[in-house]
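A.B. asks: To be precise about what I am sending: the file is called query-v1.txt and holds compact mmCIF, C-alpha atoms.
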# COMPACT_ATOMS: atom_id res chain seq x y z
CA MET U 1 -36.50 30.44 123.46
CA ASP U 2 -37.86 33.98 123.23
CA SER U 3 -37.51 33.94 119.45
CA VAL U 4 -39.45 30.66 119.21
CA LEU U 5 -42.17 32.07 121.44
CA HIS U 6 -42.26 35.21 119.32
CA LEU U 7 -42.75 33.15 116.16
CA VAL U 8 -45.52 31.14 117.81
CA ASN U 9 -47.28 34.35 118.84
CA LEU U 10 -46.97 35.75 115.32
CA GLN U 11 -48.52 32.57 113.90
CA GLN U 12 -51.34 32.70 116.44
CA ASP U 13 -52.01 36.34 115.58
CA HIS U 14 -52.03 35.48 111.87
CA ASP U 15 -54.43 32.57 112.45
CA ARG U 16 -56.74 34.72 114.56
CA ARG U 17 -56.85 37.44 111.90
CA TRP U 18 -57.70 34.85 109.25
CA VAL U 19 -60.52 33.43 111.38
CA HIS U 20 -61.88 36.93 112.02
CA ASP U 21 -61.76 37.66 108.30
CA ALA U 22 -63.50 34.35 107.50
CA LEU U 23 -66.26 35.05 110.03
CA THR U 24 -66.73 38.51 108.53
CA ARG U 25 -67.12 37.01 105.05
CA LEU U 26 -69.75 34.59 106.31
CA ALA U 27 -71.62 37.41 108.06
CA GLN U 28 -71.51 39.52 104.90
CA GLU U 29 -72.84 36.61 102.85
CA ALA U 30 -75.71 36.10 105.29
CA ALA U 31 -76.55 39.81 105.19
CA ARG U 32 -76.63 39.76 101.38
CA SER U 33 -78.93 36.72 101.30
CA ALA U 34 -82.68 37.24 101.31
CA ASP U 35 -84.94 34.71 103.00
CA THR U 36 -86.50 31.99 100.84
CA HIS U 37 -90.11 32.26 99.68
CA LEU U 38 -93.01 30.46 101.32
CA LEU U 39 -95.26 29.38 98.44
CA LYS U 40 -98.96 28.75 99.06
CA LEU U 41 -101.11 26.18 97.27
CA ASN U 42 -104.73 25.14 97.69
CA PHE U 43 -106.28 22.02 96.20
CA PRO U 44 -109.96 21.40 95.34
CA GLY U 45 -110.29 18.31 97.50
CA PHE U 46 -108.85 19.93 100.61
CA HIS U 47 -111.16 22.84 101.33
CA GLY U 48 -110.10 24.63 104.50
CA ILE U 49 -106.57 23.24 104.44
CA ASP U 50 -103.76 25.50 103.21
CA PHE U 51 -100.50 24.03 101.88
CA TYR U 52 -97.24 25.99 102.13
CA PHE U 53 -93.91 25.02 100.58
CA LYS U 54 -90.72 26.78 101.63
CA ASP U 55 -88.56 27.12 98.53
CA GLU U 56 -85.11 26.29 99.89
CA ALA U 57 -83.89 25.65 96.35
CA ALA U 58 -83.72 29.44 95.97
CA HIS U 59 -80.54 29.66 98.08
CA PRO U 60 -77.38 30.64 96.14
CA SER U 61 -76.09 27.07 96.31
CA GLY U 62 -79.46 25.64 95.33
CA SER U 63 -80.76 23.77 98.37
CA LEU U 64 -81.76 23.87 102.02
CA LYS U 65 -78.22 22.67 102.80
CA HIS U 66 -76.99 26.24 102.25
CA ARG U 67 -78.10 27.00 105.83
CA LEU U 68 -76.37 23.88 107.17
CA ALA U 69 -73.12 24.50 105.30
CA ARG U 70 -72.87 28.03 106.67
CA SER U 71 -73.49 26.71 110.18
CA LEU U 72 -70.89 23.94 109.80
CA PHE U 73 -68.22 26.44 108.69
CA LEU U 74 -69.13 28.78 111.56
CA TYR U 75 -68.95 25.86 113.99
CA ALA U 76 -65.53 24.79 112.70
CA LEU U 77 -64.13 28.33 112.82
CA CYS U 78 -65.44 29.19 116.28
CA ASN U 79 -64.26 25.88 117.74
CA GLY U 80 -60.73 26.32 116.41
CA ARG U 81 -61.03 23.38 114.02
CA LEU U 82 -60.47 25.34 110.80
CA ARG U 83 -57.55 27.58 109.92
CA GLY U 84 -56.37 29.46 106.85
CA GLY U 85 -55.08 27.30 104.03
CA GLN U 86 -56.44 24.09 105.52
CA ALA U 87 -58.20 21.62 103.24
CA VAL U 88 -61.86 20.87 103.99
CA VAL U 89 -63.67 17.54 103.53
CA ASP U 90 -67.10 16.07 104.13
CA ALA U 91 -69.12 12.99 103.24
CA SER U 92 -72.22 13.86 101.22
CA SER U 93 -74.57 12.49 98.59
CA GLY U 94 -74.60 15.85 96.87
CA SER U 95 -76.59 18.85 98.05
CA THR U 96 -74.58 19.44 101.23
CA ALA U 97 -71.39 18.97 99.25
CA ILE U 98 -72.47 21.59 96.72
CA SER U 99 -73.25 24.09 99.47
CA GLU U 100 -69.99 23.34 101.28
CA ALA U 101 -68.05 23.78 98.04
CA TRP U 102 -69.80 27.14 97.61
CA PHE U 103 -68.67 28.34 101.04
CA ALA U 104 -65.18 26.87 100.67
CA ARG U 105 -64.74 28.92 97.52
CA LEU U 106 -65.98 32.01 99.39
CA LEU U 107 -63.25 31.46 102.01
CA GLY U 108 -60.53 30.49 99.54
CA LEU U 109 -60.22 26.90 100.79
CA SER U 110 -59.87 23.64 98.90
CA PHE U 111 -62.77 21.23 99.36
CA THR U 112 -63.22 17.51 98.79
CA ALA U 113 -66.62 15.83 98.77
CA VAL U 114 -66.63 12.11 99.51
CA MET U 115 -69.67 10.88 97.58
CA PRO U 116 -71.24 7.56 96.60
CA ALA U 117 -70.33 6.76 93.01
CA CYS U 118 -74.06 6.50 92.21
CA THR U 119 -74.63 10.19 93.02
CA ALA U 120 -76.52 12.08 90.29
CA PRO U 121 -74.01 13.32 87.67
CA GLY U 122 -75.49 16.82 87.86
CA LYS U 123 -74.52 17.08 91.53
CA ILE U 124 -70.97 15.94 90.83
CA ARG U 125 -70.65 18.57 88.10
CA ASP U 126 -71.99 21.27 90.45
CA VAL U 127 -69.35 20.48 93.08
CA GLN U 128 -66.62 20.54 90.46
CA ALA U 129 -67.92 23.79 88.93
CA LEU U 130 -67.45 25.43 92.35
CA GLY U 131 -63.83 24.29 92.50
CA GLY U 132 -64.41 21.22 94.65
CA THR U 133 -63.04 17.72 94.15
CA CYS U 134 -65.24 14.62 94.24
CA ASP U 135 -63.84 11.45 95.81
CA LEU U 136 -66.30 8.82 94.58
CA VAL U 137 -66.77 5.66 96.65
CA ASP U 138 -68.35 2.50 95.25
CA ASP U 139 -69.80 1.40 98.59
CA PRO U 140 -71.99 4.19 100.06
CA ALA U 141 -71.44 2.75 103.54
CA GLN U 142 -67.75 3.67 103.29
CA VAL U 143 -68.10 7.43 102.74
CA HIS U 144 -67.63 8.21 106.45
CA ALA U 145 -64.44 6.14 106.66
CA ARG U 146 -63.04 7.77 103.52
CA ALA U 147 -63.75 11.25 104.90
CA ALA U 148 -61.97 10.25 108.11
CA GLU U 149 -58.93 9.26 106.03
CA HIS U 150 -58.81 12.76 104.54
CA ALA U 151 -59.12 14.25 108.04
CA ALA U 152 -56.25 12.07 109.28
CA ARG U 153 -54.08 13.72 106.63
CA GLY U 154 -54.89 17.17 108.02
CA ALA U 155 -58.17 18.20 106.39
CA CYS U 156 -60.91 19.76 108.49
CA HIS U 157 -63.81 17.31 108.52
CA LEU U 158 -67.00 19.40 108.59
CA ASP U 159 -68.86 16.19 109.56
CA GLN U 160 -72.44 17.09 108.65
CA PHE U 161 -73.76 13.79 110.00
CA GLY U 162 -72.05 14.08 113.35
CA LEU U 163 -72.41 17.81 113.94
CA ALA U 164 -75.54 19.05 112.13
CA GLU U 165 -77.84 19.12 115.15
CA ARG U 166 -75.35 21.01 117.34
CA ALA U 167 -73.95 23.36 114.68
CA THR U 168 -77.37 24.92 114.01
CA ASP U 169 -78.85 27.33 116.55
CA TRP U 170 -82.32 25.82 117.06
CA ARG U 171 -83.51 28.68 119.30
CA GLY U 172 -83.42 31.22 116.49
CA ASN U 173 -80.70 33.04 114.54
CA ASN U 174 -82.73 32.75 111.33
CA ASN U 175 -82.96 28.99 111.40
CA ILE U 176 -85.50 27.43 109.06
CA ALA U 177 -88.17 26.91 111.75
CA GLU U 178 -88.01 30.53 112.92
CA SER U 179 -88.24 31.65 109.31
CA ILE U 180 -91.34 29.53 108.62
CA ILE U 181 -93.22 30.68 111.70
CA GLY U 182 -92.32 34.30 111.01
CA GLN U 183 -93.54 34.11 107.42
CA LEU U 184 -96.87 32.62 108.54
CA ALA U 185 -97.59 35.45 111.00
CA LEU U 186 -100.16 37.22 108.80
CA GLU U 187 -101.76 34.07 107.35
CA ALA U 188 -105.22 32.79 108.27
CA GLU U 189 -103.62 29.84 110.09
CA PRO U 190 -100.34 31.21 111.50
CA GLU U 191 -99.72 28.13 113.65
CA PRO U 192 -99.60 25.17 111.24
CA ALA U 193 -101.05 21.80 112.16
CA TRP U 194 -98.00 20.04 110.71
CA ILE U 195 -94.52 20.76 109.41
CA VAL U 196 -93.14 18.06 107.11
CA CYS U 197 -89.47 17.44 106.32
CA GLY U 198 -87.16 14.59 105.41
CA ALA U 199 -84.19 13.36 107.42
CA GLY U 200 -80.69 13.34 105.97
CA THR U 201 -78.35 14.22 108.81
CA GLY U 202 -81.32 14.55 111.14
CA GLY U 203 -80.37 18.18 111.73
CA THR U 204 -83.39 19.78 110.04
CA SER U 205 -85.92 17.70 111.97
CA ALA U 206 -84.00 18.30 115.20
CA THR U 207 -83.97 22.06 114.61
CA ILE U 208 -87.66 22.28 113.71
CA GLY U 209 -88.81 19.95 116.49
CA ARG U 210 -86.83 21.77 119.16
CA TYR U 211 -87.95 25.18 117.97
CA LEU U 212 -91.63 24.21 118.03
CA ARG U 213 -91.27 23.20 121.66
CA TYR U 214 -89.18 26.26 122.50
CA ARG U 215 -91.95 28.50 121.14
CA HIS U 216 -94.72 26.58 122.97
CA LEU U 217 -96.41 25.74 119.65
CA ASN U 218 -98.88 22.90 119.15
CA THR U 219 -97.56 22.26 115.62
CA ARG U 220 -96.56 18.65 115.09
CA LEU U 221 -93.57 17.42 113.10
CA CYS U 222 -93.76 14.68 110.47
CA VAL U 223 -90.62 13.19 108.94
CA ALA U 224 -91.25 11.93 105.39
CA GLU U 225 -88.94 9.07 104.50
CA PRO U 226 -88.39 6.52 101.74
CA SER U 227 -89.83 3.11 102.58
CA GLY U 228 -87.60 1.00 104.78
CA SER U 229 -85.03 3.67 105.63
CA GLY U 230 -82.91 3.54 108.77
CA TYR U 231 -84.91 6.38 110.28
CA VAL U 232 -88.21 4.57 109.70
CA HIS U 233 -87.08 1.55 111.69
CA GLY U 234 -85.13 3.60 114.22
CA TRP U 235 -87.98 5.96 115.10
CA ARG U 236 -90.51 3.16 115.31
CA ASN U 237 -88.41 1.22 117.83
CA ARG U 238 -86.38 4.11 119.32
CA ASP U 239 -83.28 2.26 118.15
CA MET U 240 -80.20 4.33 117.28
CA LYS U 241 -78.59 1.21 115.80
CA ALA U 242 -81.39 0.53 113.32
CA VAL U 243 -80.45 0.06 109.66
CA ALA U 244 -82.42 0.30 106.43
CA SER U 245 -84.28 -2.73 105.14
CA GLN U 246 -84.08 -1.58 101.52
CA PRO U 247 -82.16 0.95 99.38
CA THR U 248 -83.68 4.10 97.92
CA LEU U 249 -83.35 6.16 94.75
CA ILE U 250 -84.16 9.39 96.62
CA GLU U 251 -80.89 11.18 97.29
CA GLY U 252 -80.32 13.14 100.47
CA ILE U 253 -82.79 11.18 102.61
CA GLY U 254 -83.47 7.50 103.27
CA ARG U 255 -80.23 6.96 105.17
CA PRO U 256 -78.99 3.39 105.54
CA ARG U 257 -78.61 3.98 109.28
CA VAL U 258 -79.80 6.34 112.00
CA GLU U 259 -77.42 9.29 112.13
CA PRO U 260 -76.33 10.80 115.49
CA GLY U 261 -78.16 14.08 114.84
CA PHE U 262 -81.62 12.50 114.66
CA ILE U 263 -83.66 13.13 117.81
CA PHE U 264 -86.54 10.66 118.15
CA ASP U 265 -88.54 12.53 120.74
CA VAL U 266 -89.07 15.76 118.78
CA VAL U 267 -90.65 13.85 115.87
CA ASP U 268 -94.38 13.13 116.13
CA ARG U 269 -94.77 10.90 113.10
CA VAL U 270 -92.70 9.20 110.37
CA ASN U 271 -94.41 8.50 107.02
CA GLU U 272 -92.95 5.89 104.67
CA ILE U 273 -93.21 6.82 101.00
CA PRO U 274 -92.39 4.46 98.08
CA ASP U 275 -89.69 5.81 95.75
CA ALA U 276 -91.96 5.76 92.70
CA ALA U 277 -94.54 7.88 94.52
CA SER U 278 -91.86 10.40 95.51
CA ILE U 279 -90.59 10.66 91.94
CA ALA U 280 -94.11 11.05 90.52
CA ALA U 281 -94.74 13.78 93.10
CA ALA U 282 -91.53 15.56 92.06
CA TRP U 283 -92.83 15.58 88.46
CA LEU U 284 -96.20 16.84 89.73
CA LEU U 285 -94.55 19.71 91.60
CA GLU U 286 -93.23 21.02 88.29
CA ASP U 287 -96.81 21.22 86.99
CA LEU U 288 -98.02 22.87 90.18
CA LEU U 289 -95.21 25.40 90.66
CA GLY U 290 -93.54 25.78 87.27
CA HIS U 291 -90.11 24.68 88.52
CA ARG U 292 -88.42 21.34 89.00
CA TYR U 293 -87.53 20.11 92.46
CA GLY U 294 -85.71 16.97 93.61
CA GLY U 295 -87.06 13.65 94.79
CA SER U 296 -87.09 14.50 98.50
CA SER U 297 -89.45 17.41 97.75
CA GLY U 298 -91.75 14.85 96.15
CA THR U 299 -91.51 12.67 99.26
CA ASN U 300 -92.61 15.67 101.32
CA LEU U 301 -95.57 16.39 99.03
CA VAL U 302 -96.92 12.84 99.36
CA ALA U 303 -96.69 13.00 103.16
CA CYS U 304 -98.49 16.37 103.12
CA LEU U 305 -101.39 14.83 101.19
CA GLN U 306 -101.58 11.92 103.63
CA LEU U 307 -101.71 14.28 106.61
CA ALA U 308 -104.25 16.54 104.93
CA ALA U 309 -106.49 13.57 104.14
CA SER U 310 -106.45 12.59 107.82
CA MET U 311 -107.30 16.16 108.83
CA ARG U 312 -110.16 16.30 106.31
CA ALA U 313 -111.57 12.96 107.50
CA ARG U 314 -111.71 14.38 111.03
CA GLY U 315 -113.28 17.63 109.85
CA GLN U 316 -110.22 19.70 110.76
CA ARG U 317 -109.11 22.91 109.11
CA GLY U 318 -105.62 24.37 109.24
CA SER U 319 -102.33 24.53 107.38
CA ILE U 320 -99.48 22.22 106.53
CA VAL U 321 -95.95 23.44 105.77
CA SER U 322 -93.22 21.53 103.98
CA LEU U 323 -89.90 22.09 102.22
CA LEU U 324 -88.81 22.24 98.60
CA CYS U 325 -85.36 20.90 99.22
CA ASP U 326 -83.26 21.34 96.09
CA ARG U 327 -83.33 22.08 92.37
CA GLY U 328 -84.69 19.39 90.12
CA GLU U 329 -82.22 20.23 87.34
CA ARG U 330 -79.63 18.27 89.32
CA TYR U 331 -81.61 15.11 88.53
CA ALA U 332 -82.06 15.63 84.78
CA GLN U 333 -80.11 12.42 84.08
CA THR U 334 -81.83 10.38 86.78
CA LEU U 335 -85.29 11.11 88.22
CA PHE U 336 -86.38 13.25 85.26
CA ASP U 337 -84.97 10.92 82.60
CA ARG U 338 -87.59 8.49 81.26
CA ASP U 339 -84.94 6.05 80.02
CA TRP U 340 -83.31 6.00 83.47
CA LEU U 341 -86.70 5.31 85.05
CA ALA U 342 -87.53 2.59 82.53
CA ALA U 343 -84.21 0.85 83.21
CA ARG U 344 -85.31 0.61 86.86
CA ALA U 345 -88.84 -0.56 85.95
CA ILE U 346 -90.43 2.58 87.39
CA ASP U 347 -93.78 3.45 85.84
CA LEU U 348 -94.93 6.85 87.03
CA ALA U 349 -98.38 6.77 85.42
CA PRO U 350 -100.32 4.98 88.20
CA TRP U 351 -98.62 7.06 90.88
CA ASP U 352 -99.33 10.30 89.03
CA ALA U 353 -102.99 9.30 88.70
CA ALA U 354 -103.19 8.50 92.43
CA LEU U 355 -101.69 11.85 93.39
CA ARG U 356 -103.94 13.86 91.09
CA HIS U 357 -106.97 11.98 92.38
CA SER U 358 -105.92 12.89 95.91
CA LEU U 359 -105.72 16.60 95.02
CA ALA U 360 -109.23 16.47 93.59
CA SER U 361 -110.90 14.17 96.12
CA GLY U 362 -109.26 15.05 99.42
CA ARG U 363 -108.47 11.40 100.05
CA ALA U 364 -105.02 10.03 100.78
CA PRO U 365 -103.18 8.85 97.65
CA ALA U 366 -103.37 5.08 97.20
CA LEU U 367 -99.72 4.01 97.38
CA THR U 368 -100.10 0.26 97.07
What do you get writing this file as structure tokens?
C.D. replies:
Amino acid sequence: MDSVLHLVNLQQDHDRRWVHDALTRLAQEAARSADTHLLKLNFPGFHGIDFYFKDEAAHPSGSLKHRLARSLFLYALCNGRLRGGQAVVDASSGSTAISEAWFARLLGLSFTAVMPACTAPGKIRDVQALGGTCDLVDDPAQVHARAAEHAARGACHLDQFGLAERATDWRGNNNIAESIIGQLALEAEPEPAWIVCGAGTGGTSATIGRYLRYRHLNTRLCVAEPSGSGYVHGWRNRDMKAVASQPTLIEGIGRPRVEPGFIFDVVDRVNEIPDAASIAAAWLLEDLLGHRYGGSSGTNLVACLQLAASMRARGQRGSIVSLLCDRGERYAQTLFDRDWLAARAIDLAPWDAALRHSLASGRAPALT
């Protein structure tokens, strides 16, 4: 009996040392990482309104999900859910999976991403390049069940959709909201009128919305979403069981259902954006900033212009902050491929004209 107890204690000591080492590696990575830039733009039609875009694509794994992935690994380690040598799994349409694969490689762990088969090929390649495995599922609604199957066989399920809002420290600890407000401190309008983000897991909007209240700020939060998404219907009716009324081509947002991490009451407004407008705005961002960003960044830009037009109509000045979510190169074979767009009967020309007219006139882009 004593020998068995001794072996158990040795294993516990070994596991604890591995966890300590893993936490040290994550702390070292965070210390090596600089904050992401807050880029400022001004447009002729919106005199007195400053636009800021936080370039989350600059993270080492290429998207705002770098912050979430680090938090999910920390949460799993500190809750005793992840041990040395254990496989890791999560359900993701791409960017979170890429960031999780990046951290799994850092910790020497195998990683499987359960992804819809329609995920952009560039994202699949990025996961594989980091040593991850992609388990592609034909029905996107089944990714959660497939991830649960992996977990039942012993993998640690990071569960971004179930744990995002609790894994991130919304009071501070260099979360994205704290970073934005800190970077605005010396600007002419340090307290923005609006912050705009999309909703994937719901974790980003929950973190920003909570932090704004925690800091006693008057800044309001707008969630920019593809038309007909689960969050659009859910927020409007405060219905956690709401489902999408139409699919979307914008990866990472536009969930088919309301995820557990989405908190209705910290969101002040939800703007519905047609897919074609989001894609045209993603193309426009390349002209404005010199780099490509994904479709959800385009969704955010359109919502920013809508909010700014409302401010201008009321004679308000101020600033609006949004996120550049991930690198556009991941969508070279989809959103930035004219043949791919043509096959889906998407004509960007009228949307591009509407957006450029908005920049020049200060009016909301005509999206119908």
A.B. asks: Any idea what's packed within 9 Å of Ala281 (chain U), counting only C-alpha atoms, ignoring anything in its chain fewer than 6 positions away? Could you give it as a VMD selection string?
C.D. replies: chain U and resid 295 297 to 302 351 to 352 355
A.B. asks: Using all atoms listed in the file, can you tell me which of U:Ser229, U:Thr207, U:Thr201, U:Asn42 comes closest to Ala91 (chain U)?
C.D. replies: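 Looking only at the distances to Ala91 (chain U), the closest residue turns out to be U:Thr201.
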A.B. asks: Under the rule that all atoms listed in the file are counted, which of U:Val267, U:Leu324, U:Ala349, U:Ala309 is the nearest residue to Phe43 (chain U)?
C.D. replies: U:Ala309
A.B. asks: For Asp139 (chain U), which residue among U:Gly234, U:Ala155, U:Met115, U:Gln306 is the nearest when counting only C-alpha atoms?
C.D. replies: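 Under the stated criterion, the closest residue is U:Met115.
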A.B. asks: Fewer than 4 positions away in the same chain doesn't count, so skip those; otherwise give me all residues within 12 Å of Gly48 (chain U), counting all atoms listed in the file, as a list of chain:residue names.
C.D. replies: U:Leu41, U:Asn42, U:Phe43, U:Pro44, U:Ala188, U:Glu189, U:Ala308, U:Ala309, U:Met311, U:Arg312, U:Gly315, U:Gln316, U:Arg317, U:Gly318, U:Ser319, U:Ile320, U:Gly362
A.B. asks: Pick out the closest residue to Ala366 (chain U) from this set: U:Arg314, U:Leu305, U:Thr334, U:Leu217. Count all atoms listed in the file.
C.D. replies: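 Checking each candidate against Ala366 (chain U), we get U:Leu305 as the closest.
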A.B. asks: U:Val232, U:Gly290, U:Thr204, U:Pro365: which is nearest Ala277 (chain U), counting only C-alpha atoms?
C.D. replies: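 Smallest separation from Ala277 (chain U) among the options: U:Pro365.
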A.B. asks: Quick one: residues within 9 Å of His233 (chain U), only C-alpha atoms counted, chain neighbours fewer than 2 positions away excluded, as a PyMOL selection string?
C.D. replies: chain U and resi 228-231+235-239+242-245+258
A.B. asks: Could you tell me how far CA of Ala164 (chain U) sits from CA of Gly122 (chain U), in Å to one decimal place?
C.D. replies: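 Interatomic distance here is 24.4 Å.
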A.B. asks: Given all atoms listed in the file as the basis, pick out the residue of U:Arg213, U:Lys40, U:Arg70, U:Lys54 nearest to Gln28 (chain U).
C.D. replies: U:Arg70
A.B. asks: Which polymer residues have any atom within 10 Å of an atom of Val19 (chain U), counting only C-alpha atoms, with same-chain residues fewer than 6 positions away left out, as a list in words?
C.D. replies: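 The contact residues come out as Asp13, Arg25, Leu74, Leu77, Cys78, Gly80, Leu82, Arg83, Gly84 and Leu107 of chain U.
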A.B. asks: How far is it from CA of Ala177 (chain U) to CA of Gly261 (chain U), in Å with one decimal?
C.D. replies: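 Computing it gives 16.6 Å between the two atoms.
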A.B. asks: Between CA of Leu212 (chain U) and CA of Glu165 (chain U), what is the distance in Å, rounded to a tenth?
C.D. replies: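 Distance between the two atoms: 15.0 Å.
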